[in-house]
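Dropping coords-v4.cif in here (mmCIF, C-alpha atoms):
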data_my_file
loop_
_atom_site.group_PDB
_atom_site.id
_atom_site.type_symbol
_atom_site.label_atom_id
_atom_site.label_comp_id
_atom_site.auth_asym_id
_atom_site.auth_seq_id
_atom_site.Cartn_x
_atom_site.Cartn_y
_atom_site.Cartn_z
ATOM 1 C CA MET A 1 26.168 115.097 160.180
ATOM 2 C CA ALA A 2 26.981 117.401 163.062
ATOM 3 C CA LEU A 3 29.964 119.745 163.202
ATOM 4 C CA ASN A 4 32.788 118.822 165.549
ATOM 5 C CA GLN A 5 32.471 121.066 168.629
ATOM 6 C CA ASP A 6 36.051 120.253 169.625
ATOM 7 C CA LYS A 7 37.196 122.419 166.701
ATOM 8 C CA VAL A 8 36.078 125.675 168.345
ATOM 9 C CA GLY A 9 39.188 127.814 168.834
ATOM 10 C CA THR A 10 41.165 126.079 166.088
ATOM 11 C CA THR A 11 43.438 128.460 164.180
ATOM 12 C CA TYR A 12 44.471 127.598 160.617
ATOM 13 C CA PRO A 13 47.753 128.627 158.943
ATOM 14 C CA PRO A 14 47.826 132.261 157.760
ATOM 15 C CA TYR A 15 47.709 133.197 154.085
ATOM 16 C CA THR A 16 48.773 136.452 152.464
ATOM 17 C CA TYR A 17 46.768 138.749 150.220
ATOM 18 C CA GLU A 18 48.164 141.647 148.180
ATOM 19 C CA VAL A 19 45.788 144.516 147.472
ATOM 20 C CA THR A 20 45.945 145.772 143.882
ATOM 21 C CA ARG A 21 44.540 148.880 142.218
ATOM 22 C CA ALA A 22 42.891 146.834 139.465
ATOM 23 C CA LYS A 23 41.022 144.650 141.952
ATOM 24 C CA ILE A 24 39.803 147.671 143.932
ATOM 25 C CA HIS A 25 38.584 149.204 140.658
ATOM 26 C CA GLU A 26 36.807 146.000 139.595
ATOM 27 C CA TYR A 27 35.149 145.595 143.002
ATOM 28 C CA ALA A 28 34.004 149.234 143.134
ATOM 29 C CA VAL A 29 32.505 149.020 139.638
ATOM 30 C CA ALA A 30 30.594 145.851 140.596
ATOM 31 C CA LEU A 31 28.955 147.810 143.446
ATOM 32 C CA GLY A 32 28.221 150.866 141.287
ATOM 33 C CA GLU A 33 30.470 152.977 143.508
ATOM 34 C CA THR A 34 31.012 156.616 142.508
ATOM 35 C CA ASP A 35 33.681 157.781 144.996
ATOM 36 C CA PRO A 36 36.550 158.738 142.624
ATOM 37 C CA ARG A 37 39.162 157.432 145.069
ATOM 38 C CA TYR A 38 38.073 153.838 144.417
ATOM 39 C CA LEU A 39 38.766 154.338 140.713
ATOM 40 C CA SER A 40 41.855 156.535 141.079
ATOM 41 C CA ASP A 41 45.211 155.956 139.389
ATOM 42 C CA GLY A 42 46.861 158.198 141.976
ATOM 43 C CA ASP A 43 48.138 158.002 145.545
ATOM 44 C CA ASP A 44 44.661 158.738 146.897
ATOM 45 C CA CYS A 45 43.334 155.323 145.818
ATOM 46 C CA ALA A 46 41.578 153.413 148.630
ATOM 47 C CA ALA A 47 39.291 150.393 148.821
ATOM 48 C CA PRO A 48 35.619 150.441 149.818
ATOM 49 C CA PRO A 49 34.992 148.776 153.208
ATOM 50 C CA THR A 50 33.476 145.528 151.913
ATOM 51 C CA PHE A 51 36.412 145.016 149.522
ATOM 52 C CA ALA A 52 37.548 142.697 152.325
ATOM 53 C CA ALA A 53 35.038 140.180 150.920
ATOM 54 C CA CYS A 54 37.569 139.454 148.134
ATOM 55 C CA PHE A 55 39.991 137.756 150.523
ATOM 56 C CA THR A 56 37.965 136.709 153.570
ATOM 57 C CA VAL A 57 34.763 134.971 152.487
ATOM 58 C CA ILE A 58 35.874 132.179 150.145
ATOM 59 C CA ARG A 59 39.592 132.180 150.935
ATOM 60 C CA GLY A 60 38.992 132.461 154.662
ATOM 61 C CA GLY A 61 36.689 129.466 154.687
ATOM 62 C CA ALA A 62 38.846 127.300 152.420
ATOM 63 C CA ALA A 63 41.103 125.960 155.180
ATOM 64 C CA LEU A 64 38.131 125.007 157.337
ATOM 65 C CA PHE A 65 36.338 123.263 154.511
ATOM 66 C CA ALA A 66 39.502 121.306 153.739
ATOM 67 C CA ASP A 67 39.670 120.076 157.341
ATOM 68 C CA PRO A 68 38.266 116.527 157.299
ATOM 69 C CA ASP A 69 37.739 116.595 161.082
ATOM 70 C CA LEU A 70 35.362 119.567 161.090
ATOM 71 C CA GLY A 71 32.446 117.684 159.516
ATOM 72 C CA THR A 72 31.159 120.352 157.111
ATOM 73 C CA HIS A 73 28.615 119.555 154.408
ATOM 74 C CA PRO A 74 27.451 121.377 151.285
ATOM 75 C CA ALA A 75 23.944 122.515 152.342
ATOM 76 C CA LEU A 76 24.921 125.912 153.680
ATOM 77 C CA VAL A 77 24.011 129.564 153.505
ATOM 78 C CA HIS A 78 25.813 132.750 154.527
ATOM 79 C CA GLY A 79 23.869 133.844 157.607
ATOM 80 C CA SER A 80 25.628 137.010 158.658
ATOM 81 C CA GLN A 81 28.825 138.953 158.175
ATOM 82 C CA ARG A 82 30.715 141.517 160.214
ATOM 83 C CA TYR A 83 33.814 143.562 159.434
ATOM 84 C CA VAL A 84 35.738 145.595 161.990
ATOM 85 C CA TYR A 85 38.297 147.966 160.498
ATOM 86 C CA GLY A 86 41.675 149.275 161.548
ATOM 87 C CA GLU A 87 42.863 152.877 161.437
ATOM 88 C CA ARG A 88 42.854 153.315 157.660
ATOM 89 C CA PRO A 89 41.274 151.855 154.503
ATOM 90 C CA LEU A 90 43.162 149.341 152.369
ATOM 91 C CA ARG A 91 45.326 150.754 149.576
ATOM 92 C CA PRO A 92 47.104 149.336 146.526
ATOM 93 C CA GLY A 93 50.317 147.583 147.544
ATOM 94 C CA ASP A 94 49.136 146.609 151.019
ATOM 95 C CA VAL A 95 50.128 143.060 151.881
ATOM 96 C CA LEU A 96 47.917 141.411 154.465
ATOM 97 C CA GLU A 97 48.529 138.388 156.629
ATOM 98 C CA CYS A 98 45.177 136.686 157.214
ATOM 99 C CA THR A 99 44.606 134.073 159.921
ATOM 100 C CA PRO A 100 41.365 132.026 159.898
ATOM 101 C CA ARG A 101 39.976 130.708 163.162
ATOM 102 C CA ILE A 102 36.838 128.829 164.206
ATOM 103 C CA ALA A 103 35.354 131.287 166.685
ATOM 104 C CA ASP A 104 32.169 129.413 167.520
ATOM 105 C CA ILE A 105 29.861 126.523 166.670
ATOM 106 C CA SER A 106 26.286 126.727 167.907
ATOM 107 C CA THR A 107 22.952 125.046 167.245
ATOM 108 C CA ARG A 108 19.672 126.747 166.401
ATOM 109 C CA GLY A 109 16.801 124.336 165.802
ATOM 110 C CA ALA A 110 17.832 121.832 163.151
ATOM 111 C CA ASN A 111 20.697 124.019 161.910
ATOM 112 C CA GLU A 112 24.243 124.598 163.039
ATOM 113 C CA MET A 113 26.001 127.959 162.909
ATOM 114 C CA LEU A 114 29.743 128.088 162.298
ATOM 115 C CA THR A 115 31.441 131.399 163.048
ATOM 116 C CA VAL A 116 34.610 131.890 161.003
ATOM 117 C CA GLU A 117 36.906 134.699 162.080
ATOM 118 C CA VAL A 118 39.659 135.936 159.758
ATOM 119 C CA ALA A 119 42.066 138.383 161.393
ATOM 120 C CA CYS A 120 43.956 140.375 158.732
ATOM 121 C CA ARG A 121 47.007 142.447 159.645
ATOM 122 C CA PHE A 122 49.318 144.660 157.602
ATOM 123 C CA GLN A 123 52.365 142.489 157.009
ATOM 124 C CA ASP A 124 54.857 145.361 157.352
ATOM 125 C CA THR A 125 53.599 146.876 160.628
ATOM 126 C CA GLY A 126 51.580 144.081 162.193
ATOM 127 C CA GLU A 127 48.746 146.554 162.799
ATOM 128 C CA PRO A 128 45.167 145.284 162.414
ATOM 129 C CA ALA A 129 43.738 146.001 158.947
ATOM 130 C CA VAL A 130 40.354 144.289 159.133
ATOM 131 C CA THR A 131 38.777 141.443 161.041
ATOM 132 C CA SER A 132 36.061 139.399 159.367
ATOM 133 C CA GLU A 133 33.450 137.442 161.277
ATOM 134 C CA GLY A 134 31.214 135.338 159.056
ATOM 135 C CA VAL A 135 28.470 132.993 160.191
ATOM 136 C CA ILE A 136 27.846 130.002 157.945
ATOM 137 C CA VAL A 137 24.561 128.181 158.542
ATOM 138 C CA PHE A 138 24.583 124.425 157.884
ATOM 139 C CA LEU A 139 21.014 123.443 157.098
ATOM 140 C CA GLY A 140 19.698 120.449 158.992
ATOM 141 C CA SER A 141 23.078 119.425 160.382
ATOM 142 C CA ALA A 142 22.288 119.630 164.119
ATOM 143 C CA PRO A 143 22.363 116.411 166.149
ATOM 144 C CA THR A 144 18.883 114.890 166.410
ATOM 145 C CA ASP A 145 17.229 113.826 169.653
ATOM 146 C CA ASP A 146 17.669 110.227 168.548
ATOM 147 C CA ALA A 147 21.414 110.731 168.187
ATOM 148 C CA GLU A 148 21.621 112.313 171.631
ATOM 149 C CA GLU A 149 19.726 109.446 173.169
ATOM 150 C CA GLY A 150 21.940 107.002 171.339
ATOM 151 C CA ALA A 151 25.026 108.672 172.738
ATOM 152 C CA ALA A 152 23.710 108.725 176.294
ATOM 153 C CA MET B 1 28.869 165.080 152.525
ATOM 154 C CA THR B 2 26.726 167.818 153.945
ATOM 155 C CA SER B 3 24.506 165.580 156.088
ATOM 156 C CA THR B 4 24.568 166.334 159.769
ATOM 157 C CA ILE B 5 25.424 163.186 161.653
ATOM 158 C CA GLU B 6 23.001 163.219 164.569
ATOM 159 C CA VAL B 7 20.457 160.792 165.982
ATOM 160 C CA GLY B 8 17.624 160.340 163.492
ATOM 161 C CA ALA B 9 19.665 161.342 160.419
ATOM 162 C CA GLU B 10 19.053 158.995 157.483
ATOM 163 C CA LEU B 11 21.379 157.649 154.808
ATOM 164 C CA GLU B 12 20.765 158.563 151.191
ATOM 165 C CA PRO B 13 19.221 155.264 150.027
ATOM 166 C CA VAL B 14 20.829 153.094 147.332
ATOM 167 C CA THR B 15 18.407 151.312 144.979
ATOM 168 C CA GLN B 16 19.562 148.427 142.801
ATOM 169 C CA THR B 17 17.948 145.779 140.589
ATOM 170 C CA ALA B 18 19.612 142.368 140.880
ATOM 171 C CA THR B 19 20.314 141.054 137.375
ATOM 172 C CA LEU B 20 22.454 138.342 135.814
ATOM 173 C CA THR B 21 24.909 141.099 134.897
ATOM 174 C CA THR B 22 25.222 142.446 138.463
ATOM 175 C CA SER B 23 25.569 138.894 139.751
ATOM 176 C CA VAL B 24 28.309 137.925 137.298
ATOM 177 C CA MET B 25 30.165 141.174 137.940
ATOM 178 C CA TYR B 26 30.030 140.657 141.709
ATOM 179 C CA ALA B 27 31.059 137.006 141.355
ATOM 180 C CA GLY B 28 34.120 137.974 139.328
ATOM 181 C CA ALA B 29 35.043 140.938 141.506
ATOM 182 C CA SER B 30 34.681 139.136 144.830
ATOM 183 C CA GLY B 31 35.883 135.701 143.743
ATOM 184 C CA ASP B 32 32.691 134.045 145.030
ATOM 185 C CA LEU B 33 31.904 131.849 142.036
ATOM 186 C CA ASN B 34 29.053 129.846 143.601
ATOM 187 C CA PRO B 35 26.815 129.023 140.566
ATOM 188 C CA LEU B 36 23.747 129.615 142.755
ATOM 189 C CA HIS B 37 24.263 133.270 141.818
ATOM 190 C CA TYR B 38 24.335 132.965 137.989
ATOM 191 C CA ASP B 39 23.489 129.417 136.784
ATOM 192 C CA GLU B 40 19.758 128.870 136.328
ATOM 193 C CA GLY B 41 20.008 125.073 136.117
ATOM 194 C CA PHE B 42 22.091 124.821 139.262
ATOM 195 C CA ALA B 43 19.921 127.314 141.149
ATOM 196 C CA SER B 44 16.726 125.450 140.242
ATOM 197 C CA GLN B 45 18.059 122.463 142.200
ATOM 198 C CA VAL B 46 19.522 124.099 145.307
ATOM 199 C CA SER B 47 18.113 127.611 145.686
ATOM 200 C CA PRO B 48 15.709 128.323 148.564
ATOM 201 C CA THR B 49 13.565 130.256 146.052
ATOM 202 C CA GLY B 50 13.979 127.791 143.160
ATOM 203 C CA GLY B 51 15.759 130.476 141.146
ATOM 204 C CA ILE B 52 18.946 132.499 141.044
ATOM 205 C CA ILE B 53 19.558 134.748 144.043
ATOM 206 C CA ALA B 54 22.049 137.590 144.467
ATOM 207 C CA HIS B 55 25.137 137.193 146.646
ATOM 208 C CA GLY B 56 24.418 138.180 150.234
ATOM 209 C CA MET B 57 27.732 140.025 150.090
ATOM 210 C CA PHE B 58 26.458 142.074 147.124
ATOM 211 C CA SER B 59 23.610 143.334 149.310
ATOM 212 C CA MET B 60 26.070 144.042 152.133
ATOM 213 C CA GLY B 61 28.285 145.925 149.672
ATOM 214 C CA LEU B 62 25.368 148.111 148.630
ATOM 215 C CA VAL B 63 24.274 149.000 152.164
ATOM 216 C CA SER B 64 27.921 149.649 153.015
ATOM 217 C CA ARG B 65 28.095 151.955 149.965
ATOM 218 C CA ALA B 66 25.208 153.995 151.424
ATOM 219 C CA LEU B 67 26.841 154.011 154.876
ATOM 220 C CA THR B 68 30.289 155.000 153.560
ATOM 221 C CA ALA B 69 28.903 157.857 151.448
ATOM 222 C CA PHE B 70 27.048 159.146 154.515
ATOM 223 C CA ALA B 71 30.187 158.835 156.659
ATOM 224 C CA GLY B 72 32.272 160.786 154.146
ATOM 225 C CA GLY B 73 34.641 158.023 153.076
ATOM 226 C CA PRO B 74 36.006 154.575 153.931
ATOM 227 C CA GLU B 75 38.483 155.991 156.482
ATOM 228 C CA ARG B 76 35.510 156.858 158.715
ATOM 229 C CA VAL B 77 33.961 153.378 158.727
ATOM 230 C CA VAL B 78 34.744 151.476 161.943
ATOM 231 C CA GLU B 79 32.440 148.478 161.559
ATOM 232 C CA VAL B 80 29.753 147.036 159.299
ATOM 233 C CA ALA B 81 27.697 144.045 160.471
ATOM 234 C CA VAL B 82 24.668 142.554 158.717
ATOM 235 C CA ARG B 83 22.404 139.539 158.887
ATOM 236 C CA PHE B 84 21.061 138.107 155.631
ATOM 237 C CA THR B 85 17.425 137.580 156.575
ATOM 238 C CA ARG B 86 15.854 136.563 153.221
ATOM 239 C CA PRO B 87 17.142 135.689 149.740
ATOM 240 C CA TRP B 88 17.263 138.478 147.103
ATOM 241 C CA PRO B 89 15.855 136.972 143.867
ATOM 242 C CA LEU B 90 17.261 138.085 140.522
ATOM 243 C CA GLY B 91 14.916 140.434 138.692
ATOM 244 C CA THR B 92 13.790 142.218 141.841
ATOM 245 C CA THR B 93 14.804 145.672 143.003
ATOM 246 C CA SER B 94 15.993 146.389 146.524
ATOM 247 C CA THR B 95 16.573 149.609 148.407
ATOM 248 C CA PHE B 96 19.265 149.941 151.076
ATOM 249 C CA GLY B 97 19.271 152.577 153.766
ATOM 250 C CA GLY B 98 19.796 153.333 157.399
ATOM 251 C CA LYS B 99 19.324 155.723 160.264
ATOM 252 C CA VAL B 100 21.580 157.037 163.039
ATOM 253 C CA THR B 101 20.492 155.612 166.392
ATOM 254 C CA ASP B 102 23.262 156.874 168.676
ATOM 255 C CA VAL B 103 26.199 159.265 168.696
ATOM 256 C CA SER B 104 28.696 158.987 171.511
ATOM 257 C CA ASP B 105 32.465 159.192 172.037
ATOM 258 C CA GLY B 106 33.011 160.297 168.444
ATOM 259 C CA VAL B 107 31.264 157.286 166.944
ATOM 260 C CA ALA B 108 27.803 157.181 165.375
ATOM 261 C CA THR B 109 25.833 153.928 165.377
ATOM 262 C CA VAL B 110 23.635 153.436 162.319
ATOM 263 C CA SER B 111 20.889 150.833 161.920
ATOM 264 C CA LEU B 112 21.017 149.358 158.406
ATOM 265 C CA TRP B 113 18.393 147.662 156.265
ATOM 266 C CA GLY B 114 17.677 146.358 152.767
ATOM 267 C CA ASP B 115 14.152 145.745 151.463
ATOM 268 C CA THR B 116 12.840 144.386 148.172
ATOM 269 C CA GLU B 117 10.105 146.371 146.464
ATOM 270 C CA ASP B 118 7.389 144.118 147.947
ATOM 271 C CA GLY B 119 8.646 144.932 151.435
ATOM 272 C CA THR B 120 10.632 141.780 152.157
ATOM 273 C CA ARG B 121 13.541 142.593 154.451
ATOM 274 C CA ILE B 122 16.559 140.842 152.930
ATOM 275 C CA LEU B 123 19.151 142.387 155.230
ATOM 276 C CA ARG B 124 19.418 144.209 158.503
ATOM 277 C CA GLY B 125 22.419 145.279 160.477
ATOM 278 C CA THR B 126 24.469 147.929 162.193
ATOM 279 C CA GLY B 127 27.243 150.246 161.112
ATOM 280 C CA ARG B 128 29.593 152.338 163.222
ATOM 281 C CA ILE B 129 31.287 155.416 161.782
ATOM 282 C CA ARG B 130 33.682 158.057 163.128
ATOM 283 C CA VAL B 131 32.113 161.500 163.357
#
Mind turning the file's structure into structure tokens?
Amino acid sequence: MALNQDKVGTTYPPYTYEVTRAKIHEYAVALGETDPRYLSDGDDCAAPPTFAACFTVIRGGAALFADPDLGTHPALVHGSQRYVYGERPLRPGDVLECTPRIADISTRGANEMLTVEVACRFQDTGEPAVTSEGVIVFLGSAPTDDAEEGAA
Amino acid sequence: MTSTIEVGAELEPVTQTATLTTSVMYAGASGDLNPLHYDEGFASQVSPTGGIIAHGMFSMGLVSRALTAFAGGPERVVEVAVRFTRPWPLGTTSTFGGKVTDVSDGVATVSLWGDTEDGTRILRGTGRIRV
């Protein structure tokens, strides 16, 4: 089944995420991080850059996967991931407003590539915190030549 | 950090063995509970390698750890972008590193990579850090 190209540009309703010290600590330990700020109980606590994975990868894709008109299917892999950061790292107590959007759908061979953007802003200031751009590869989902001929 | 950030400078590499423990810890920490990353029975049916593979995001986290240490902290990291080029099978050890390719307008561009011990490139990408 092919993805629905008409969905490119679709924005899904924003969700909020609250950054906590315990989650930063847990994430840093899972990566074997040694920077004491990631594990700090003090005001200097900050999150490592890829902490954004906690609220963009699964949560960011959830709205898209729940959209019956997009035509997703379960044979997928995470092809690439990009994070662009704002002026400062995330800290405990930050509340983020995260807006998922379908940035692109493209075909490469038999596969389709879905680019999911999640723009996350600090709720209090509206300033950009981090933008996630993930490419999900749907294996074997591209329209076949037969299908194209059938449509023509 | 005492490293000089100039073209050709290299990150201090990060080496990590992917194990069931690292996979379960990353699953819990990140919230990505796909059983492909810790359930042998499930992985044997759907995995491209026939076995459990590490989260791509775990490998990105490790190369980002090397980049961030080199940069001097998370406040200096502007962008991290990677492509997951091959699966990282559990039980194998990978090394993550990078090299500065450009410094201009106060930003250094760093090419990033992750290789298993047999030389398979599981990840490549680009970081940008404030200098």
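Here the PyMOL selection byres ((chain A) within 8 of (chain B)) catches exactly these residues: Lys23, Glu26, Tyr27, Ala30, Leu31, Glu33, Ala46, Ala47, Pro48, Pro49, Thr50, Phe51, Ala53, Cys54, Phe55, Val57, Ile58, His78, Gly79, Ser80, Gln81, Arg82, Tyr83, Val84, Tyr85, Gly86, Glu87, Arg88 and Pro89 of chain A.
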Checklist entry - Using the chain letters and numbers from the file, which residues does the PyMOL selection byres ((chain A and resi 111) around 6) grab, as JSON, numbers by chain? => result {"A": [107, 108, 109, 110, 112, 138, 139, 140, 141, 142]}
Item to check | Proximity to B:Gly50 - best of B:Thr17, B:Ile122, B:Ala71, B:Pro89, all atoms listed in the file | outcome: B:Pro89
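Contact shell of stretch 40-42 of chain A at 12 Å (only C-alpha atoms; same-chain neighbours under 5 positions omitted): Thr20, Arg21, Ala22, Lys23, Ile24, His25, Glu26, Ala28, Thr34, Asp35, Ala47, Arg91 and Pro92 of chain A.
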Residues within 7 Å of B:Val131, please, as a tab-separated table (two decimals) with C-alpha atoms, in the coordinates of the input. Count all atoms listed in the file; anything in the same chain fewer than 3 positions from it doesn't count.
chain	number	residue	atom	x	y	z
B	106	GLY	CA	33.01	160.30	168.44
B	107	VAL	CA	31.26	157.29	166.94
B	108	ALA	CA	27.80	157.18	165.38
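When atom CA of A:Thr131 is paired with atom CA of B:Tyr38, their separation reads 28.5 Å.
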Item to check | Coordinates-based distance that separates atom CA of A:Leu96 from atom CA of A:Phe122 (Å, one decimal) | outcome: 4.7 Å
Item to check | Target residues per the PyMOL selection byres ((chain B and resi 94) around 7), formatted as a ChimeraX atom specification | outcome: /B:15-17,92-93,95-96,114-117
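Reported to one decimal place, the separation of atom CA of A:Asp6 from atom CA of A:Ile105 is 9.3 Å.
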Per-axis box centre and lengths in Å around stretch 31-38 of chain B, 3 Å margin per side, axis-aligned, as JSON:
{"center_x": 29.8, "center_y": 132.4, "center_z": 141.5, "size_x": 18.1, "size_y": 12.7, "size_z": 13.0}
